[in-house]
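Dropping start_17.txt in here (compact mmCIF, C-alpha atoms (C1' of nucleotides)):
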# COMPACT_ATOMS: atom_id res chain seq x y z
CA MET A 237 114.83 196.02 -64.03
CA SER A 238 115.96 198.83 -66.31
CA LEU A 239 117.84 196.74 -68.83
CA PRO A 240 114.87 196.24 -71.18
CA HIS A 241 114.47 199.99 -71.48
CA ALA A 242 118.19 200.56 -71.78
CA ILE A 243 118.09 198.28 -74.83
CA LEU A 244 115.08 200.08 -76.29
CA GLY A 245 116.93 203.37 -75.82
CA VAL A 246 120.03 202.11 -77.61
CA LEU A 247 118.01 200.66 -80.49
CA GLU A 248 116.35 204.04 -80.95
CA ALA A 249 119.70 205.17 -82.41
CA ARG A 250 119.88 202.29 -84.90
CA PRO A 251 119.15 198.56 -85.27
CA MET A 252 121.69 196.24 -83.68
CA SER A 253 122.33 192.52 -83.25
CA GLY A 254 122.71 190.81 -79.90
CA TYR A 255 126.42 190.70 -80.45
CA GLU A 256 126.64 194.44 -81.13
CA LEU A 257 124.54 195.20 -78.06
CA THR A 258 126.73 192.93 -75.96
CA ARG A 259 129.83 194.78 -77.09
CA PHE A 260 128.16 198.14 -76.57
CA PHE A 261 127.04 197.31 -73.01
CA ASP A 262 130.54 196.13 -72.32
CA SER A 263 132.29 199.22 -73.71
CA THR A 264 130.64 202.64 -73.99
CA ALA A 265 127.42 201.92 -72.12
CA ARG A 266 129.47 200.20 -69.44
CA TRP A 267 129.87 203.63 -67.87
CA VAL A 268 126.16 203.98 -67.23
CA TRP A 269 124.69 200.49 -67.28
CA THR A 270 126.32 197.09 -67.82
CA ALA A 271 124.89 193.80 -68.97
CA PRO A 272 126.55 190.52 -69.84
CA GLN A 273 125.76 188.61 -73.00
CA SER A 274 123.84 185.96 -71.08
CA GLN A 275 121.31 188.59 -70.08
CA ILE A 276 121.01 190.23 -73.49
CA TYR A 277 120.15 187.34 -75.80
CA PRO A 278 117.19 185.95 -73.82
CA LEU A 279 115.93 189.51 -73.23
CA LEU A 280 115.97 190.31 -76.95
CA ARG A 281 113.69 187.33 -77.56
CA LYS A 282 111.39 188.54 -74.80
CA LEU A 283 111.29 192.11 -76.11
CA GLU A 284 110.42 190.76 -79.56
CA ALA A 285 107.62 188.63 -78.08
CA ASP A 286 106.31 191.81 -76.40
CA GLY A 287 106.30 193.55 -79.78
CA TRP A 288 108.70 196.29 -78.79
CA ILE A 289 111.43 195.26 -81.19
CA VAL A 290 111.54 193.18 -84.38
CA GLY A 291 114.39 190.93 -85.43
CA GLU A 292 115.46 190.65 -89.03
CA GLU A 293 117.53 187.61 -89.98
CA GLN A 294 120.55 188.58 -92.03
CA VAL A 295 122.80 186.19 -93.93
CA ARG A 296 126.53 186.78 -93.66
CA GLY A 297 128.83 184.46 -95.51
CA GLU A 298 127.77 180.89 -96.30
CA ARG A 299 125.89 179.66 -93.27
CA LEU A 300 126.40 182.43 -90.70
CA ARG A 301 123.20 184.23 -89.81
CA ARG A 302 122.72 187.15 -87.51
CA THR A 303 119.58 188.81 -86.26
CA SER A 304 119.41 192.56 -86.33
CA TYR A 305 116.80 194.03 -84.01
CA SER A 306 115.06 197.34 -84.55
CA LEU A 307 112.70 199.37 -82.39
CA THR A 308 109.00 199.22 -83.29
CA SER A 309 106.66 202.16 -82.78
CA ALA A 310 105.14 200.23 -79.85
CA GLY A 311 108.65 200.01 -78.44
CA LEU A 312 109.19 203.74 -78.79
CA ASP A 313 105.85 204.35 -77.03
CA GLU A 314 106.88 202.01 -74.22
CA LEU A 315 110.17 203.85 -73.85
CA GLY A 316 108.31 207.18 -73.60
CA ARG A 317 105.97 205.70 -70.99
CA TRP A 318 108.87 204.35 -68.91
CA LEU A 319 110.77 207.63 -69.08
CA THR A 320 107.98 209.56 -67.36
CA GLU A 321 107.13 206.81 -64.91
CA THR A 322 108.07 207.57 -61.29
CA TYR A 323 111.62 206.58 -60.44
CA ALA A 324 111.85 204.67 -57.17
CA GLU A 325 115.28 205.23 -55.65
CA PRO A 326 116.61 201.86 -54.50
CA ASN A 327 117.87 201.36 -50.98
CA VAL A 328 121.37 202.58 -50.24
CA ARG A 329 123.79 199.68 -50.46
CA ASP A 330 127.32 200.97 -50.60
CA GLY A 331 130.00 198.47 -49.66
CA LEU A 332 132.69 201.10 -49.17
CA LEU A 333 130.57 203.12 -46.74
CA LEU A 334 129.78 199.96 -44.86
CA LYS A 335 133.48 199.29 -44.42
CA ALA A 336 134.11 202.90 -43.44
CA LEU A 337 131.46 202.62 -40.76
CA PHE A 338 133.62 199.99 -39.05
CA PHE A 339 137.08 201.38 -39.88
CA ASP A 340 137.69 202.06 -36.19
CA LEU A 341 137.91 198.26 -35.79
CA ALA A 342 140.54 197.90 -38.49
CA ASP A 343 144.23 198.47 -38.78
CA ALA A 344 144.58 202.14 -39.89
CA GLU A 345 147.22 201.31 -42.51
CA GLY A 346 145.02 198.68 -44.10
CA ALA A 347 141.95 200.90 -44.08
CA SER A 348 143.90 203.75 -45.68
CA SER A 349 145.15 201.55 -48.46
CA VAL A 350 141.62 200.36 -49.24
CA LEU A 351 140.69 204.03 -49.68
CA ALA A 352 143.81 204.80 -51.72
CA GLU A 353 143.06 201.96 -54.13
CA HIS A 354 139.49 203.13 -54.42
CA VAL A 355 140.64 206.64 -55.30
CA LEU A 356 142.73 205.22 -58.15
CA GLU A 357 139.75 203.29 -59.47
CA LEU A 358 137.57 206.40 -59.31
CA GLU A 359 140.17 208.55 -61.05
CA GLU A 360 140.30 206.00 -63.84
CA ARG A 361 136.54 206.24 -64.25
CA VAL A 362 136.58 210.03 -64.12
CA SER A 363 139.01 210.21 -66.99
CA GLN A 364 136.87 207.93 -69.15
CA TRP A 365 133.67 209.78 -68.31
CA SER A 366 135.36 213.10 -69.05
CA ALA A 367 136.51 211.91 -72.45
CA HIS A 368 133.02 210.70 -73.27
CA ARG A 369 131.48 213.94 -72.06
CA VAL A 370 133.73 215.97 -74.35
CA ALA A 371 132.84 213.69 -77.27
CA LEU A 372 129.13 214.16 -76.60
CA VAL A 373 129.37 217.96 -76.48
CA ALA A 374 131.23 217.83 -79.80
CA ARG A 375 128.48 215.44 -81.07
CA ASP A 376 131.29 213.13 -81.96
CA THR A 377 130.28 209.64 -80.82
CA PRO A 378 129.15 207.08 -83.43
CA LEU A 379 125.81 206.38 -81.78
CA LEU A 380 124.94 210.01 -81.15
CA ARG A 381 125.61 210.88 -84.78
CA GLU A 382 123.25 208.13 -85.91
CA ARG A 383 120.68 209.32 -83.43
CA LEU A 384 120.85 212.94 -84.60
CA ASP A 385 120.53 211.83 -88.24
CA HIS A 386 116.84 211.14 -87.72
CA ARG A 387 116.08 214.14 -85.47
CA PRO A 388 115.48 217.75 -86.57
CA GLU A 389 118.62 219.87 -86.51
CA SER A 390 117.01 222.41 -84.20
CA GLU A 391 117.05 219.76 -81.45
CA HIS A 392 120.64 218.61 -81.90
CA GLU A 393 122.21 220.93 -79.36
CA ARG A 394 119.63 220.19 -76.67
CA ILE A 395 120.00 216.43 -77.15
CA ALA A 396 123.81 216.52 -76.97
CA LEU A 397 123.84 218.77 -73.91
CA LEU A 398 121.30 216.66 -72.03
CA LYS A 399 123.38 213.55 -72.59
CA ALA A 400 126.64 215.30 -71.70
CA HIS A 401 125.02 216.54 -68.50
CA VAL A 402 124.54 212.96 -67.33
CA PHE A 403 128.28 212.40 -67.58
CA GLU A 404 128.91 215.67 -65.80
CA TYR A 405 127.01 214.22 -62.85
CA LEU A 406 129.00 211.00 -62.90
CA ILE A 407 132.23 213.03 -62.87
CA ASP A 408 131.15 215.41 -60.09
CA GLN A 409 129.87 212.56 -57.98
CA ALA A 410 133.12 210.61 -58.32
CA GLU A 411 135.16 213.70 -57.47
CA LEU A 412 133.09 214.26 -54.34
CA ARG A 413 133.78 210.65 -53.39
CA ILE A 414 137.50 211.06 -54.02
CA ARG A 415 137.59 214.11 -51.73
CA TRP A 416 135.68 212.15 -49.09
CA CYS A 417 138.14 209.24 -49.30
CA ARG A 418 141.07 211.63 -48.83
CA ASP A 419 139.37 213.27 -45.83
CA THR A 420 138.74 209.85 -44.33
CA MET A 421 142.39 208.91 -44.83
CA THR A 422 143.39 212.05 -42.94
CA MET A 423 141.02 211.16 -40.11
CA LEU A 424 142.44 207.65 -39.90
CA GLY A 425 145.77 209.31 -39.18
CA MET B 147 127.77 190.12 -50.54
CA SER B 148 128.44 192.55 -47.69
CA LEU B 149 125.52 191.56 -45.50
CA PRO B 150 127.43 188.92 -43.51
CA HIS B 151 130.00 191.52 -42.53
CA ALA B 152 127.37 194.15 -41.84
CA ILE B 153 125.89 191.74 -39.33
CA LEU B 154 129.27 191.02 -37.75
CA GLY B 155 129.83 194.78 -37.43
CA VAL B 156 126.49 195.31 -35.72
CA LEU B 157 127.03 192.41 -33.33
CA GLU B 158 130.37 193.94 -32.32
CA ALA B 159 128.30 196.53 -30.44
CA ARG B 160 126.26 193.95 -28.55
CA PRO B 161 124.57 190.54 -28.98
CA MET B 162 121.25 190.59 -30.79
CA SER B 163 118.54 188.17 -31.88
CA GLY B 164 117.39 187.75 -35.47
CA TYR B 165 114.36 189.80 -34.66
CA GLU B 166 116.39 192.68 -33.27
CA LEU B 167 118.71 192.61 -36.28
CA THR B 168 115.72 192.59 -38.61
CA ARG B 169 114.32 195.67 -36.92
CA PHE B 170 117.69 197.36 -36.92
CA PHE B 171 118.30 196.74 -40.65
CA ASP B 172 114.84 198.08 -41.30
CA SER B 173 115.25 201.25 -39.22
CA THR B 174 118.60 202.86 -38.41
CA ALA B 175 120.84 200.70 -40.59
CA ARG B 176 118.34 201.15 -43.42
CA TRP B 177 120.21 204.34 -44.28
CA VAL B 178 123.40 202.50 -45.08
CA TRP B 179 122.45 198.89 -45.81
CA THR B 180 119.06 197.17 -45.83
CA ALA B 181 118.14 193.54 -45.44
CA PRO B 182 114.77 191.85 -45.08
CA GLN B 183 114.05 189.27 -42.39
CA SER B 184 114.10 186.44 -44.94
CA GLN B 185 117.74 187.14 -45.58
CA ILE B 186 118.78 187.55 -41.97
CA TYR B 187 117.58 184.34 -40.32
CA PRO B 188 119.20 181.88 -42.75
CA LEU B 189 122.38 183.97 -42.73
CA LEU B 190 122.63 183.87 -38.93
CA ARG B 191 122.59 180.08 -39.07
CA LYS B 192 125.30 180.18 -41.73
CA LEU B 193 127.48 182.60 -39.75
CA GLU B 194 127.13 180.36 -36.72
CA ALA B 195 128.15 177.33 -38.79
CA ASP B 196 131.21 179.31 -39.90
CA GLY B 197 132.07 179.97 -36.27
CA TRP B 198 131.89 183.76 -36.52
CA ILE B 199 128.94 184.12 -34.18
CA VAL B 200 127.41 181.95 -31.44
CA GLY B 201 123.74 181.72 -30.63
CA GLU B 202 122.50 181.44 -27.10
CA GLU B 203 118.97 180.16 -26.61
CA GLN B 204 117.04 182.33 -24.17
CA VAL B 205 113.69 181.47 -22.61
CA ARG B 206 111.11 184.23 -22.46
CA GLY B 207 107.74 183.44 -20.91
CA GLU B 208 106.39 179.87 -20.96
CA ARG B 209 107.34 178.41 -24.31
CA LEU B 210 108.77 181.38 -26.24
CA ARG B 211 112.41 181.02 -26.95
CA ARG B 212 114.74 183.44 -28.70
CA THR B 213 118.29 183.06 -29.87
CA SER B 214 120.69 185.83 -29.07
CA TYR B 215 123.78 185.86 -31.26
CA SER B 216 127.13 187.26 -30.20
CA LEU B 217 130.35 187.83 -32.10
CA THR B 218 133.14 185.30 -31.50
CA SER B 219 136.80 186.26 -31.60
CA ALA B 220 137.04 184.43 -34.94
CA GLY B 221 134.18 186.66 -36.10
CA LEU B 222 136.01 189.79 -35.01
CA ASP B 223 139.12 188.60 -36.85
CA GLU B 224 137.07 187.95 -39.97
CA LEU B 225 135.59 191.45 -39.73
CA GLY B 226 139.09 192.93 -39.47
CA ARG B 227 140.22 190.91 -42.47
CA TRP B 228 137.25 192.02 -44.56
CA LEU B 229 137.72 195.67 -43.61
CA THR B 230 141.20 195.83 -45.12
CA GLU B 231 140.37 193.66 -48.11
CA THR B 232 140.32 195.53 -51.44
CA TYR B 233 136.96 197.06 -52.21
CA ALA B 234 135.83 196.35 -55.77
CA GLU B 235 133.53 199.15 -56.90
CA PRO B 236 130.52 197.56 -58.59
CA ASN B 237 129.45 198.62 -62.05
CA VAL B 238 127.47 201.82 -62.30
CA ARG B 239 123.79 201.01 -62.49
CA ASP B 240 121.75 204.11 -61.88
CA GLY B 241 118.17 203.99 -63.12
CA LEU B 242 117.65 207.73 -62.91
CA LEU B 243 120.72 208.49 -65.02
CA LEU B 244 119.57 205.91 -67.54
CA LYS B 245 116.25 207.72 -67.86
CA ALA B 246 118.00 211.08 -68.07
CA LEU B 247 120.13 209.79 -70.92
CA PHE B 248 116.94 209.40 -72.97
CA PHE B 249 114.95 212.37 -71.66
CA ASP B 250 115.14 214.00 -75.11
CA LEU B 251 112.70 211.27 -76.24
CA ALA B 252 110.21 212.06 -73.47
CA ASP B 253 107.61 214.68 -72.84
CA ALA B 254 109.46 217.52 -71.02
CA GLU B 255 106.68 217.95 -68.44
CA GLY B 256 106.73 214.28 -67.54
CA ALA B 257 110.50 214.14 -67.32
CA SER B 258 110.58 217.21 -65.07
CA SER B 259 108.07 215.74 -62.69
CA VAL B 260 110.10 212.53 -62.40
CA LEU B 261 113.01 214.71 -61.30
CA ALA B 262 110.87 216.80 -58.96
CA GLU B 263 109.59 213.68 -57.19
CA HIS B 264 113.12 212.37 -56.92
CA VAL B 265 114.25 215.62 -55.29
CA LEU B 266 111.55 215.23 -52.65
CA GLU B 267 112.67 211.68 -51.92
CA LEU B 268 116.29 212.79 -51.62
CA GLU B 269 115.39 215.69 -49.32
CA GLU B 270 113.58 213.25 -47.08
CA ARG B 271 116.69 211.09 -46.89
CA VAL B 272 118.95 214.06 -46.26
CA SER B 273 116.92 215.11 -43.25
CA GLN B 274 117.13 211.63 -41.73
CA TRP B 275 120.84 211.30 -42.40
CA SER B 276 121.45 214.74 -40.92
CA ALA B 277 119.61 213.84 -37.75
CA HIS B 278 121.60 210.65 -37.40
CA ARG B 279 124.86 212.47 -38.06
CA VAL B 280 124.13 214.95 -35.28
CA ALA B 281 123.29 212.08 -32.91
CA LEU B 282 126.56 210.33 -33.75
CA VAL B 283 128.67 213.43 -33.11
CA ALA B 284 126.91 213.80 -29.75
CA ARG B 285 127.59 210.05 -29.14
CA ASP B 286 123.89 209.78 -28.54
CA THR B 287 122.66 206.70 -30.38
CA PRO B 288 121.85 203.52 -28.43
CA LEU B 289 124.18 201.29 -30.40
CA LEU B 290 127.11 203.72 -30.38
CA ARG B 291 126.85 204.07 -26.62
CA GLU B 292 127.01 200.31 -26.20
CA ARG B 293 129.94 200.16 -28.58
CA LEU B 294 131.91 202.83 -26.73
CA ASP B 295 131.26 201.06 -23.41
CA HIS B 296 133.82 198.41 -24.29
CA ARG B 297 136.35 200.71 -25.96
CA PRO B 298 138.95 202.91 -24.26
CA GLU B 299 137.74 206.46 -23.68
CA SER B 300 140.70 207.91 -25.55
CA GLU B 301 139.24 206.41 -28.74
CA HIS B 302 135.66 207.61 -28.27
CA GLU B 303 135.98 210.84 -30.20
CA ARG B 304 137.75 209.26 -33.16
CA ILE B 305 135.16 206.48 -33.39
CA ALA B 306 132.20 208.87 -33.28
CA LEU B 307 133.73 211.23 -35.84
CA LEU B 308 134.60 208.43 -38.25
CA LYS B 309 131.03 207.18 -38.18
CA ALA B 310 129.55 210.66 -38.48
CA HIS B 311 131.78 211.28 -41.48
CA VAL B 312 130.08 208.45 -43.36
CA PHE B 313 126.76 210.23 -42.95
CA GLU B 314 128.35 213.47 -44.04
CA TYR B 315 129.17 211.77 -47.33
CA LEU B 316 125.64 210.48 -47.77
CA ILE B 317 124.30 213.99 -47.20
CA ASP B 318 126.77 215.74 -49.53
CA GLN B 319 126.21 213.17 -52.23
CA ALA B 320 122.43 213.55 -52.05
CA GLU B 321 122.74 217.33 -52.15
CA LEU B 322 124.92 217.13 -55.23
CA ARG B 323 122.27 214.94 -56.83
CA ILE B 324 119.51 217.37 -55.89
CA ARG B 325 121.42 220.23 -57.55
CA TRP B 326 121.93 218.09 -60.62
CA CYS B 327 118.21 217.28 -60.83
CA ARG B 328 117.37 220.98 -60.63
CA ASP B 329 119.89 221.82 -63.36
CA THR B 330 118.44 219.08 -65.54
CA MET B 331 114.93 220.46 -65.00
CA THR B 332 116.16 223.86 -66.19
CA MET B 333 117.70 222.28 -69.27
CA LEU B 334 114.47 220.46 -70.07
CA GLY B 335 112.87 223.92 -70.29
C1' DA C 65 88.80 190.83 -26.69
C1' DC C 66 91.67 192.80 -29.89
C1' DA C 67 95.60 194.83 -31.74
C1' DT C 68 100.33 195.27 -31.70
C1' DA C 69 104.79 193.65 -31.00
C1' DC C 70 107.80 189.60 -30.46
C1' DA C 71 109.88 185.70 -32.76
C1' DT C 72 111.11 182.59 -36.51
C1' DG C 73 110.61 180.27 -40.46
C1' DT C 74 109.88 178.85 -45.89
C1' DA C 75 108.83 179.55 -50.91
C1' DA C 76 108.77 181.68 -55.22
C1' DA C 77 110.41 185.03 -58.26
C1' DT C 78 113.63 188.50 -60.15
C1' DG C 79 118.01 190.27 -61.61
C1' DG C 80 122.58 189.66 -62.15
C1' DT C 81 127.30 187.15 -62.53
C1' DT C 82 130.35 183.54 -64.02
C1' DA C 83 131.21 179.81 -66.61
C1' DC C 84 130.65 176.49 -70.16
C1' DA C 85 129.69 175.34 -75.02
C1' DT C 86 129.76 175.62 -80.09
C1' DG C 87 130.93 176.94 -84.46
C1' DA C 88 131.90 180.34 -88.45
C1' DT C 89 134.66 184.04 -90.42
C1' DT C 90 138.41 187.16 -90.75
C1' DT C 91 143.10 188.65 -90.10
C1' DA C 92 148.03 188.06 -89.17
C1' DT D 128 147.39 177.58 -89.74
C1' DA D 129 146.68 179.82 -85.61
C1' DA D 130 144.60 183.50 -83.17
C1' DA D 131 141.19 186.87 -82.81
C1' DT D 132 136.66 188.27 -83.64
C1' DC D 133 131.86 187.35 -84.88
C1' DA D 134 127.67 185.19 -83.30
C1' DT D 135 124.53 182.76 -80.26
C1' DG D 136 123.20 179.92 -76.86
C1' DT D 137 122.58 177.33 -71.92
C1' DA D 138 123.43 176.22 -66.96
C1' DA D 139 124.46 177.05 -62.33
C1' DC D 140 124.81 180.10 -58.79
C1' DC D 141 124.19 184.19 -55.70
C1' DA D 142 121.87 188.19 -53.71
C1' DT D 143 117.72 190.34 -53.06
C1' DT D 144 112.60 191.11 -52.83
C1' DT D 145 107.98 189.87 -51.85
C1' DA D 146 104.89 187.00 -49.95
C1' DC D 147 103.08 183.42 -47.19
C1' DA D 148 102.89 181.02 -42.71
C1' DT D 149 102.67 180.26 -37.68
C1' DG D 150 102.39 181.08 -33.05
C1' DT D 151 103.33 183.69 -28.33
C1' DA D 152 103.33 187.64 -25.26
C1' DT D 153 101.96 192.18 -24.00
C1' DG D 154 99.34 196.35 -23.61
C1' DT D 155 94.82 198.76 -24.15
Represent the structure contained in this file as structure tokens.
Amino acid sequence: MSLPHAILGVLEARPMSGYELTRFFDSTARWVWTAPQSQIYPLLRKLEADGWIVGEEQVRGERLRRTSYSLTSAGLDELGRWLTETYAEPNVRDGLLLKALFFDLADAEGASSVLAEHVLELEERVSQWSAHRVALVARDTPLLRERLDHRPESEHERIALLKAHVFEYLIDQAELRIRWCRDTMTMLG
Amino acid sequence: MSLPHAILGVLEARPMSGYELTRFFDSTARWVWTAPQSQIYPLLRKLEADGWIVGEEQVRGERLRRTSYSLTSAGLDELGRWLTETYAEPNVRDGLLLKALFFDLADAEGASSVLAEHVLELEERVSQWSAHRVALVARDTPLLRERLDHRPESEHERIALLKAHVFEYLIDQAELRIRWCRDTMTMLG
DNA sequence: ACATACATGTAAATGGTTACATGATTTA
DNA sequence: TAAATCATGTAACCATTTACATGTATGT
């Protein structure tokens, strides 16, 4: 649903091939939006058909080609349109909360260890988000640098801080969840 | 993925027909997990085939039948197993954060109004969650009362508080998000 | 008599995940 | 020369959403 626009947003920084996008959505972008390769390649062809991106065939080596896609001005317009379009919050669908709702029917030990494992997973994420947030504030991520290269310097600080603020939310939200898990563990006794 | 177990958990309170479950997942349960009718009916037949629930045909009026499903002891076991099974946190996929990540490319007015509308939606949810939380603490929801009826009284308080605590999380998390939206609006200028 | 609620079903489409498949190029 | 990385593709499956379809019972 949002993947097409996620791709447009990434390509605004610089042109990329399907392979590069796949790696990006599996590494850095993974912390905000993920997509497997099988979703990316067909979508790139669709976005090109819509005129929002253009692919340029590049020759590497003897017979290895790769297609580098760049954002068109129609694509940038579409991105701007989508950004100000009303956001419809999806229905809540949180598997952990669903379990917690029935924890009184479970063995307390088992329920506690589900929460403990979850806390570890969240702490892992927090540390990666924190590192990325610091890098954004320092304007020290490869993609952000390429992005800022074609934007006026007067806007650089605002752009970096807006992006870093997104990661601040991810961190705060995970920390709230960690506290909640610990409280629940206490209640389970 | 979690819907089968959500249904088992609901049926632990009391037997219900597909129609009742549909209404429940569209009203009260909506605030934790939603499911449309088209998902529920086929799933009930599957859960019965698995032996986790049993349907009892009831005759209402002349030729109107309805099937009331109740949890079997195998179903209760399966619910217990699922509750203590490791929870795998799904990938982050938050459409609002994705927009926010690119808000520097959008008209500031438009971006702000997306956030303002979102705040209204969240406030709406908070008020419904709060009401439900209060009802749970007071042990004053129809389903909770039926649930407590077949549980020892010594456990009643713990059960009610555990459930209410889930709603506390939903509320706190939405309030954090509201604050973040407001901060972002300030940053947009 | 008409509208609303009760009751159950199917079909089509979308979005996402996992797995399979193929082959070239680079690096150890 | 073997393993890792580059590069692109398809197929099958699962969960979810939206829409269509049908008929009965009840309350106004």
### Task
Tell me the residues of chain B close to chain C, meaning within 10 Å using only C-alpha atoms (C1' of nucleotides), as a count of residues only.
12
Chain B contacts to chain D at 12 Å (all atoms listed in the file) as a PDB file with C-alpha atoms, in the frame of the given file:
ATOM      1  CA  MET B 147     127.770 190.120 -50.540  1.00  0.00           C
ATOM      2  CA  SER B 148     128.440 192.550 -47.690  1.00  0.00           C
ATOM      3  CA  LEU B 149     125.520 191.560 -45.500  1.00  0.00           C
ATOM      4  CA  PRO B 150     127.430 188.920 -43.510  1.00  0.00           C
ATOM      5  CA  THR B 180     119.060 197.170 -45.830  1.00  0.00           C
ATOM      6  CA  ALA B 181     118.140 193.540 -45.440  1.00  0.00           C
ATOM      7  CA  PRO B 182     114.770 191.850 -45.080  1.00  0.00           C
ATOM      8  CA  GLN B 183     114.050 189.270 -42.390  1.00  0.00           C
ATOM      9  CA  SER B 184     114.100 186.440 -44.940  1.00  0.00           C
ATOM     10  CA  GLN B 185     117.740 187.140 -45.580  1.00  0.00           C
ATOM     11  CA  ILE B 186     118.780 187.550 -41.970  1.00  0.00           C
ATOM     12  CA  LEU B 189     122.380 183.970 -42.730  1.00  0.00           C
ATOM     13  CA  ARG B 206     111.110 184.230 -22.460  1.00  0.00           C
ATOM     14  CA  GLY B 207     107.740 183.440 -20.910  1.00  0.00           C
ATOM     15  CA  GLU B 208     106.390 179.870 -20.960  1.00  0.00           C
ATOM     16  CA  ARG B 209     107.340 178.410 -24.310  1.00  0.00           C
ATOM     17  CA  LEU B 210     108.770 181.380 -26.240  1.00  0.00           C
ATOM     18  CA  ARG B 211     112.410 181.020 -26.950  1.00  0.00           C
ATOM     19  CA  ARG B 212     114.740 183.440 -28.700  1.00  0.00           C
TER      20      ARG B 212
END
Using all atoms listed in the file, tabulate the residues of chain A lying at most 6 Å from any atom of chain B, each with its closest atom pair and that distance in Å to one decimal, by chain and increasing residue number, as a tab-separated table.
residue	atom	partner	partner_atom	distance
A:Val268	CA	B:Val238	CA	5.5
A:Trp269	CA	B:Arg239	CA	4.9
A:Gly316	CA	B:Ala252	CA	5.2
A:Leu319	CA	B:Lys245	CA	5.6
A:Thr320	CA	B:Gly256	CA	4.9
A:Thr322	CA	B:Val260	CA	5.5
A:Val328	CA	B:Val178	CA	5.5
A:Arg329	CA	B:Trp179	CA	4.9
A:Lys335	CA	B:Leu229	CA	5.6
A:Leu337	CA	B:Lys309	CA	5.3
A:Asp340	CA	B:Ile305	CA	5.8
A:Ala342	CA	B:Gly226	CA	5.3
A:Gly346	CA	B:Thr230	CA	4.9
A:Ala347	CA	B:Thr230	CA	5.2
A:Val350	CA	B:Thr232	CA	5.5
A:Ile395	CA	B:Asp250	CA	5.8
A:Lys399	CA	B:Leu247	CA	5.2
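Between atom CA of A:Ser390 and atom CA of A:Ser309 the interatomic distance comes to 22.8 Å.
Shortest atom-to-atom contact with B:Val272 among B:Leu167, B:Leu290, B:Ile317, B:Leu193: B:Ile317, counting only C-alpha atoms.
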### Message
Residues within 10 Å of (122.1, 206.7, -83.9), file coordinates, counting all atoms listed in the file: what are they? Give the list as a VMD selection string.
### Response
chain A and resid 246 to 251 377 to 387
### Query
At what distance in Å, to one decimal, does atom CA of B:His278 lie from atom CA of A:Thr422?
22.5 Å
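With atom CA of B:Ala277 on one side and atom CA of B:Thr174 on the other, the separation reads 11.0 Å.
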Quick one: stretch 216-225 of chain B with N, CA, C and O atoms, as a compact mmCIF listing (two decimals), in the frame of the given file?
# COMPACT_ATOMS: atom_id res chain seq x y z
N SER B 216 126.03 186.33 -30.48
CA SER B 216 127.13 187.26 -30.20
C SER B 216 128.34 186.94 -31.07
O SER B 216 128.51 185.80 -31.54
N LEU B 217 129.16 187.94 -31.26
CA LEU B 217 130.35 187.83 -32.10
C LEU B 217 131.40 186.99 -31.38
O LEU B 217 131.64 187.18 -30.18
N THR B 218 132.03 186.07 -32.08
CA THR B 218 133.14 185.30 -31.50
C THR B 218 134.44 186.03 -31.84
O THR B 218 134.43 186.96 -32.64
N SER B 219 135.55 185.58 -31.26
CA SER B 219 136.80 186.26 -31.60
C SER B 219 137.20 185.94 -33.04
O SER B 219 137.78 186.78 -33.73
N ALA B 220 136.80 184.74 -33.52
CA ALA B 220 137.04 184.43 -34.94
C ALA B 220 136.23 185.38 -35.82
O ALA B 220 136.68 185.80 -36.89
N GLY B 221 135.03 185.73 -35.36
CA GLY B 221 134.18 186.66 -36.10
C GLY B 221 134.79 188.05 -36.17
O GLY B 221 134.76 188.71 -37.21
N LEU B 222 135.36 188.47 -35.05
CA LEU B 222 136.01 189.79 -35.01
C LEU B 222 137.22 189.82 -35.93
O LEU B 222 137.46 190.79 -36.65
N ASP B 223 137.97 188.72 -35.94
CA ASP B 223 139.12 188.60 -36.85
C ASP B 223 138.67 188.69 -38.30
O ASP B 223 139.28 189.36 -39.12
N GLU B 224 137.59 187.96 -38.60
CA GLU B 224 137.07 187.95 -39.97
C GLU B 224 136.63 189.36 -40.38
O GLU B 224 136.87 189.80 -41.50
N LEU B 225 136.02 190.08 -39.45
CA LEU B 225 135.59 191.45 -39.73
C LEU B 225 136.82 192.32 -40.04
O LEU B 225 136.83 193.08 -41.02
